[in-house]
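The next block is structure07.pdb, given as PDB, C-alpha atoms, pLDDT in the B column.
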```pdb
MODEL        1
ATOM      1  CA  ILE A   1     -11.154 -30.354  17.927  1.00 96.00           C
ATOM      2  CA  VAL A   2     -11.314 -34.154  17.896  1.00 98.00           C
ATOM      3  CA  TYR A   3     -13.429 -36.355  20.165  1.00 98.00           C
ATOM      4  CA  THR A   4     -15.333 -39.640  20.283  1.00 98.00           C
ATOM      5  CA  VAL A   5     -19.030 -39.620  21.138  1.00 98.00           C
ATOM      6  CA  ASP A   6     -21.599 -42.319  21.919  1.00 98.00           C
ATOM      7  CA  LEU A   7     -25.130 -41.102  21.192  1.00 98.00           C
ATOM      8  CA  SER A   8     -26.756 -44.543  21.189  1.00 97.00           C
ATOM      9  CA  LYS A   9     -28.936 -43.656  24.207  1.00 96.00           C
ATOM     10  CA  VAL A  10     -29.696 -40.056  23.134  1.00 97.00           C
ATOM     11  CA  ASP A  11     -33.028 -40.483  21.350  1.00 94.00           C
ATOM     12  CA  CYS A  12     -35.370 -38.103  19.518  1.00 88.00           C
ATOM     13  CA  ALA A  13     -36.484 -35.015  21.460  1.00 90.00           C
ATOM     14  CA  CYS A  14     -33.093 -34.938  23.202  1.00 93.00           C
ATOM     15  CA  ASN A  15     -30.211 -32.676  22.216  1.00 94.00           C
ATOM     16  CA  LEU A  16     -26.671 -33.292  23.386  1.00 95.00           C
ATOM     17  CA  ALA A  17     -24.809 -30.034  22.789  1.00 96.00           C
ATOM     18  CA  PHE A  18     -21.142 -29.053  22.679  1.00 97.00           C
ATOM     19  CA  TYR A  19     -20.659 -25.383  21.885  1.00 96.00           C
ATOM     20  CA  LEU A  20     -18.250 -22.487  22.275  1.00 95.00           C
ATOM     21  CA  ILE A  21     -19.289 -19.022  23.416  1.00 94.00           C
ATOM     22  CA  SER A  22     -17.387 -15.814  24.066  1.00 90.00           C
ATOM     23  CA  MET A  23     -17.941 -15.153  27.778  1.00 89.00           C
ATOM     24  CA  PRO A  24     -18.171 -13.013  29.734  1.00 93.00           C
ATOM     25  CA  ALA A  25     -20.848 -10.784  28.284  1.00 93.00           C
ATOM     26  CA  VAL A  26     -19.919  -7.119  28.343  1.00 93.00           C
ATOM     27  CA  ASP A  27     -21.976  -3.924  28.495  1.00 92.00           C
ATOM     28  CA  MET A  28     -21.792  -0.984  26.058  1.00 92.00           C
ATOM     29  CA  ALA A  29     -18.794   0.439  27.961  1.00 95.00           C
ATOM     30  CA  GLY A  30     -16.877  -2.836  27.578  1.00 93.00           C
ATOM     31  CA  ASN A  31     -17.239  -3.886  31.215  1.00 95.00           C
ATOM     32  CA  PRO A  32     -18.252  -7.431  32.255  1.00 95.00           C
ATOM     33  CA  SER A  33     -22.045  -7.590  32.562  1.00 92.00           C
ATOM     34  CA  ALA A  34     -23.977 -10.034  34.726  1.00 91.00           C
ATOM     35  CA  GLY A  35     -27.102  -9.271  32.684  1.00 86.00           C
ATOM     36  CA  THR A  36     -30.625  -8.474  33.828  1.00 82.00           C
ATOM     37  CA  ASN A  37     -32.781 -11.067  32.016  1.00 78.00           C
ATOM     38  CA  ARG A  38     -30.820 -14.282  32.449  1.00 78.00           C
ATOM     39  CA  GLY A  39     -33.742 -16.724  32.332  1.00 80.00           C
ATOM     40  CA  GLY A  40     -31.980 -19.170  34.626  1.00 84.00           C
ATOM     41  CA  GLN A  41     -28.566 -18.773  32.988  1.00 87.00           C
ATOM     42  CA  PRO A  42     -25.547 -17.974  35.162  1.00 91.00           C
ATOM     43  CA  ALA A  43     -24.312 -14.409  35.536  1.00 91.00           C
ATOM     44  CA  TYR A  44     -22.188 -13.168  32.595  1.00 93.00           C
ATOM     45  CA  TYR A  45     -23.630 -15.833  30.254  1.00 92.00           C
ATOM     46  CA  CYS A  46     -24.194 -14.866  26.623  1.00 92.00           C
ATOM     47  CA  ASP A  47     -24.765 -16.643  23.306  1.00 93.00           C
ATOM     48  CA  ALA A  48     -25.932 -16.059  19.733  1.00 94.00           C
ATOM     49  CA  ASN A  49     -29.558 -16.677  20.719  1.00 91.00           C
ATOM     50  CA  MET A  50     -29.525 -14.077  23.512  1.00 90.00           C
ATOM     51  CA  VAL A  51     -30.603 -16.806  25.944  1.00 84.00           C
ATOM     52  CA  GLY A  52     -28.903 -15.092  28.885  1.00 80.00           C
ATOM     53  CA  GLY A  53     -30.268 -11.706  27.817  1.00 88.00           C
ATOM     54  CA  GLN A  54     -27.012 -10.739  26.092  1.00 92.00           C
ATOM     55  CA  TRP A  55     -25.493 -11.447  22.662  1.00 94.00           C
ATOM     56  CA  CYS A  56     -22.068 -12.958  21.969  1.00 94.00           C
ATOM     57  CA  PRO A  57     -20.455 -15.141  19.309  1.00 93.00           C
ATOM     58  CA  GLU A  58     -21.306 -18.848  19.367  1.00 94.00           C
ATOM     59  CA  ILE A  59     -20.088 -21.909  17.510  1.00 95.00           C
ATOM     60  CA  ASP A  60     -22.188 -25.056  17.874  1.00 96.00           C
ATOM     61  CA  ILE A  61     -19.689 -27.896  17.465  1.00 96.00           C
ATOM     62  CA  MET A  62     -22.437 -30.483  17.985  1.00 97.00           C
ATOM     63  CA  GLU A  63     -26.181 -30.430  18.560  1.00 96.00           C
ATOM     64  CA  ALA A  64     -27.157 -34.050  18.194  1.00 98.00           C
ATOM     65  CA  ASN A  65     -29.068 -37.147  19.090  1.00 98.00           C
ATOM     66  CA  ASN A  66     -29.041 -40.591  17.475  1.00 97.00           C
ATOM     67  CA  HIS A  67     -31.186 -39.386  14.533  1.00 97.00           C
ATOM     68  CA  ALA A  68     -29.593 -36.051  13.562  1.00 97.00           C
ATOM     69  CA  PHE A  69     -26.307 -34.172  13.974  1.00 97.00           C
ATOM     70  CA  GLN A  70     -26.058 -30.426  13.371  1.00 96.00           C
ATOM     71  CA  ALA A  71     -23.138 -28.005  13.496  1.00 96.00           C
ATOM     72  CA  THR A  72     -23.638 -24.236  13.285  1.00 95.00           C
ATOM     73  CA  LEU A  73     -21.565 -21.092  12.920  1.00 93.00           C
ATOM     74  CA  HIS A  74     -23.318 -17.965  14.198  1.00 93.00           C
ATOM     75  CA  ARG A  75     -22.294 -14.536  12.916  1.00 91.00           C
ATOM     76  CA  CYS A  76     -22.476 -11.375  14.987  1.00 94.00           C
ATOM     77  CA  ASP A  77     -22.345  -7.728  14.021  1.00 95.00           C
ATOM     78  CA  PRO A  78     -18.945  -6.164  14.730  1.00 95.00           C
ATOM     79  CA  PRO A  79     -18.670  -5.344  18.449  1.00 94.00           C
ATOM     80  CA  ILE A  80     -18.302  -1.884  19.927  1.00 94.00           C
ATOM     81  CA  ASN A  81     -16.107  -1.987  23.053  1.00 93.00           C
ATOM     82  CA  MET A  82     -16.381  -5.817  22.881  1.00 93.00           C
ATOM     83  CA  HIS A  83     -20.188  -5.484  23.239  1.00 94.00           C
ATOM     84  CA  TYR A  84     -22.316  -7.274  20.641  1.00 94.00           C
ATOM     85  CA  SER A  85     -25.657  -5.743  19.704  1.00 94.00           C
ATOM     86  CA  TYR A  86     -26.855  -8.571  17.409  1.00 96.00           C
ATOM     87  CA  CYS A  87     -26.017 -12.140  16.367  1.00 96.00           C
ATOM     88  CA  ASP A  88     -27.841 -14.356  13.861  1.00 94.00           C
ATOM     89  CA  ARG A  89     -29.910 -16.841  15.849  1.00 91.00           C
ATOM     90  CA  GLY A  90     -30.272 -19.364  13.026  1.00 89.00           C
ATOM     91  CA  GLY A  91     -26.649 -19.257  11.964  1.00 89.00           C
ATOM     92  CA  CYS A  92     -25.072 -21.102   9.081  1.00 86.00           C
ATOM     93  CA  ALA A  93     -26.260 -24.588  10.001  1.00 85.00           C
ATOM     94  CA  GLN A  94     -25.648 -27.915   8.322  1.00 91.00           C
ATOM     95  CA  ASN A  95     -27.378 -31.102   9.335  1.00 94.00           C
ATOM     96  CA  THR A  96     -26.898 -34.792   8.577  1.00 96.00           C
ATOM     97  CA  ARG A  97     -30.528 -34.877   7.475  1.00 94.00           C
ATOM     98  CA  ASP A  98     -29.420 -32.904   4.399  1.00 92.00           C
ATOM     99  CA  THR A  99     -27.710 -36.058   3.066  1.00 93.00           C
ATOM    100  CA  ALA A 100     -29.802 -39.224   2.769  1.00 94.00           C
ATOM    101  CA  ASN A 101     -28.649 -42.259   4.775  1.00 97.00           C
ATOM    102  CA  SER A 102     -25.650 -40.432   6.244  1.00 97.00           C
ATOM    103  CA  TYR A 103     -26.529 -40.757   9.927  1.00 98.00           C
ATOM    104  CA  GLY A 104     -28.861 -42.753  12.132  1.00 98.00           C
ATOM    105  CA  PRO A 105     -29.360 -45.912  14.174  1.00 98.00           C
ATOM    106  CA  GLY A 106     -28.477 -48.966  12.094  1.00 97.00           C
ATOM    107  CA  SER A 107     -25.852 -50.369   9.746  1.00 97.00           C
ATOM    108  CA  GLN A 108     -27.644 -48.967   6.664  1.00 97.00           C
ATOM    109  CA  TYR A 109     -26.332 -45.491   7.612  1.00 98.00           C
ATOM    110  CA  THR A 110     -22.855 -44.168   6.851  1.00 98.00           C
ATOM    111  CA  ILE A 111     -22.581 -43.294  10.553  1.00 98.00           C
ATOM    112  CA  ASP A 112     -24.374 -45.919  12.666  1.00 98.00           C
ATOM    113  CA  THR A 113     -25.362 -44.133  15.862  1.00 98.00           C
ATOM    114  CA  THR A 114     -25.867 -47.389  17.768  1.00 98.00           C
ATOM    115  CA  GLN A 115     -22.057 -47.329  18.074  1.00 98.00           C
ATOM    116  CA  PRO A 116     -19.545 -44.627  19.094  1.00 98.00           C
ATOM    117  CA  PHE A 117     -18.030 -42.500  16.320  1.00 98.00           C
ATOM    118  CA  ASP A 118     -15.310 -39.876  16.004  1.00 98.00           C
ATOM    119  CA  VAL A 119     -15.932 -36.197  15.335  1.00 98.00           C
ATOM    120  CA  GLU A 120     -13.314 -33.797  13.970  1.00 98.00           C
ATOM    121  CA  THR A 121     -14.046 -30.099  13.635  1.00 97.00           C
ATOM    122  CA  GLU A 122     -11.672 -27.835  11.725  1.00 97.00           C
ATOM    123  CA  PHE A 123     -11.713 -24.067  11.302  1.00 96.00           C
ATOM    124  CA  PRO A 124     -10.091 -23.207   7.942  1.00 96.00           C
ATOM    125  CA  THR A 125      -8.665 -19.721   7.539  1.00 95.00           C
ATOM    126  CA  ASN A 126      -7.436 -17.526   4.716  1.00 96.00           C
ATOM    127  CA  ASP A 127      -4.700 -15.069   5.735  1.00 96.00           C
ATOM    128  CA  GLY A 128      -5.773 -15.483   9.385  1.00 94.00           C
ATOM    129  CA  GLU A 129      -9.480 -14.900   8.727  1.00 91.00           C
ATOM    130  CA  LEU A 130     -12.023 -17.630   9.445  1.00 90.00           C
ATOM    131  CA  ILE A 131     -13.619 -18.824   6.190  1.00 92.00           C
ATOM    132  CA  GLY A 132     -15.707 -21.724   7.467  1.00 92.00           C
ATOM    133  CA  MET A 133     -16.042 -24.797   9.630  1.00 95.00           C
ATOM    134  CA  LYS A 134     -15.663 -28.411   8.537  1.00 96.00           C
ATOM    135  CA  THR A 135     -17.069 -31.212  10.688  1.00 97.00           C
ATOM    136  CA  THR A 136     -16.184 -34.791   9.759  1.00 98.00           C
ATOM    137  CA  LEU A 137     -17.943 -37.733  11.413  1.00 98.00           C
ATOM    138  CA  ARG A 138     -15.878 -40.954  11.128  1.00 98.00           C
ATOM    139  CA  GLN A 139     -16.705 -44.555  11.835  1.00 98.00           C
ATOM    140  CA  HIS A 140     -15.116 -47.771  10.514  1.00 97.00           C
ATOM    141  CA  GLY A 141     -13.484 -45.989   7.544  1.00 97.00           C
ATOM    142  CA  ARG A 142     -16.674 -44.161   6.527  1.00 98.00           C
ATOM    143  CA  ASN A 143     -17.175 -40.383   6.679  1.00 98.00           C
ATOM    144  CA  ALA A 144     -20.061 -37.933   6.764  1.00 97.00           C
ATOM    145  CA  VAL A 145     -18.967 -34.316   6.235  1.00 97.00           C
ATOM    146  CA  LEU A 146     -20.655 -31.039   7.128  1.00 96.00           C
ATOM    147  CA  ASP A 147     -18.708 -28.284   5.342  1.00 94.00           C
ATOM    148  CA  HIS A 148     -19.670 -24.679   6.133  1.00 90.00           C
ATOM    149  CA  LYS A 149     -18.393 -21.840   3.986  1.00 86.00           C
ATOM    150  CA  LEU A 150     -18.740 -18.244   5.141  1.00 81.00           C
TER     151      LEU A 150
ENDMDL
END
```

Rewrite the coordinates I just gave you, this time as structure tokens.
Amino acid sequence: IVYTVDLSKVDCACNLAFYLISMPAVDMAGNPSAGTNRGGQPAYYCDANMVGGQWCPEIDIMEANNHAFQATLHRCDPPINMHYSYCDRGGCAQNTRDTANSYGPGSQYTIDTTQPFDVETEFPTNDGELIGMKTTLRQHGRNAVLDHKL
């Protein structure tokens, strides 16, 4: 997945998110489930935080503003009839705040969020099995890398 993003106007306390989820949610019998405790989410919604009242796999490609960028893989227990009974809410997260001066507003940062930058997310596999997620932020020949290993 490759895209260009401009977060120059997305300040602290805001979160611009791009994520993948495995909809629709299904019940224990493997049938699509609209859910009963959706909390404002649309019918059949599910995620790794059980926001829609139902669990399902989630990959956070980007949760970001102009001060921090985070990418997260969430693991779920193996499904029974495509129904998930638990996913890890916290996931395997990496954040640009983990590396000093990698990301922020201003030319002193590797990625200057006052300007657009490119994001590339890869999903490495070993014999067809997912082994991680690698997110590379690129701008003017400079890179900041978030490399998740499962």

**OP:** Would you mind telling me which residue in A:Pro105, A:Gly30, A:Pro24, A:Gly53 lies nearest to A:Lys9 when using all atoms listed in the file?
**Re:** A:Pro105

Original post:
Do you know which residues lie at most 12 Å from (-8.0, -33.2, 23.1), with coordinates as in the file and only C-alpha atoms counted, and could you write them as an MDAnalysis selection string?
Top reply: chainID A and resid 1:4 119:121

Would you save the residues of that selection, restricted to C-alpha atoms, as a JSON list (two decimals), in the coordinates of the input?
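Just written: result.json:
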```json
[["chain", "number", "residue", "atom", "x", "y", "z"],
["A", 1, "ILE", "CA", -11.15, -30.35, 17.93],
["A", 2, "VAL", "CA", -11.31, -34.15, 17.90],
["A", 3, "TYR", "CA", -13.43, -36.35, 20.16],
["A", 4, "THR", "CA", -15.33, -39.64, 20.28],
["A", 119, "VAL", "CA", -15.93, -36.20, 15.34],
["A", 120, "GLU", "CA", -13.31, -33.80, 13.97],
["A", 121, "THR", "CA", -14.05, -30.10, 13.64]]
```

**OP:** Run the PyMOL selection byres ((chain A and resi 32) around 12) mentally over the shown coordinates, then write out the matched residues as an MDAnalysis selection string, using the chain letters and numbers from the document.
**Re:** chainID A and resid 22:31 33:35 43:46 54 81:83

Subject >> Expected selection from the PyMOL selection byres ((chain A and resi 130-142) around 10), given as a PyMOL selection string >> reply: chain A and resi 1-5+59+61-62+69-73+92+94+96+102-103+109-113+115-129+143-150

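This file, queried with the PyMOL selection byres ((chain A and resi 51) around 10), gives the residues Asn37, Arg38, Gly39, Gly40, Gln41, Tyr45, Cys46, Asp47, Ala48, Asn49, Met50, Gly52, Gly53, Gln54 and Trp55 of chain A.
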
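Here atom CA of A:Pro42 is placed at a distance of 14.5 Å from atom CA of A:Cys56.
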
Original post:
At what distance in Å, to one decimal, does atom CA of A:Ala93 lie from atom CA of A:Gly106?
Top reply: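 Result for atom CA of A:Gly106 versus atom CA of A:Ala93: 24.6 Å, one decimal.
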
So that all listed atoms of stretch 31-41 of chain A fit with 3 Å spare on each side, what axis-aligned box centre and edge lengths in Å, to one decimal, would you give as AutoDock Vina command-line options?
```
--center_x -25.5 --center_y -11.5 --center_z 33.0 --size_x 22.5 --size_y 21.3 --size_z 9.5
```

Subject >> Point-to-point distance from atom CA of A:Ala100 to atom CA of A:Phe18, Å rounded to tenths >> reply: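 Rounded to one decimal, the two atoms are 24.0 Å apart.
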
**OP:** Choose the residue, out of A:Gln108, A:Asn101, A:Asn95, A:Ser85, that has the smallest atom-to-atom separation from A:Ala68; count only C-alpha atoms.
**Re:** A:Asn95
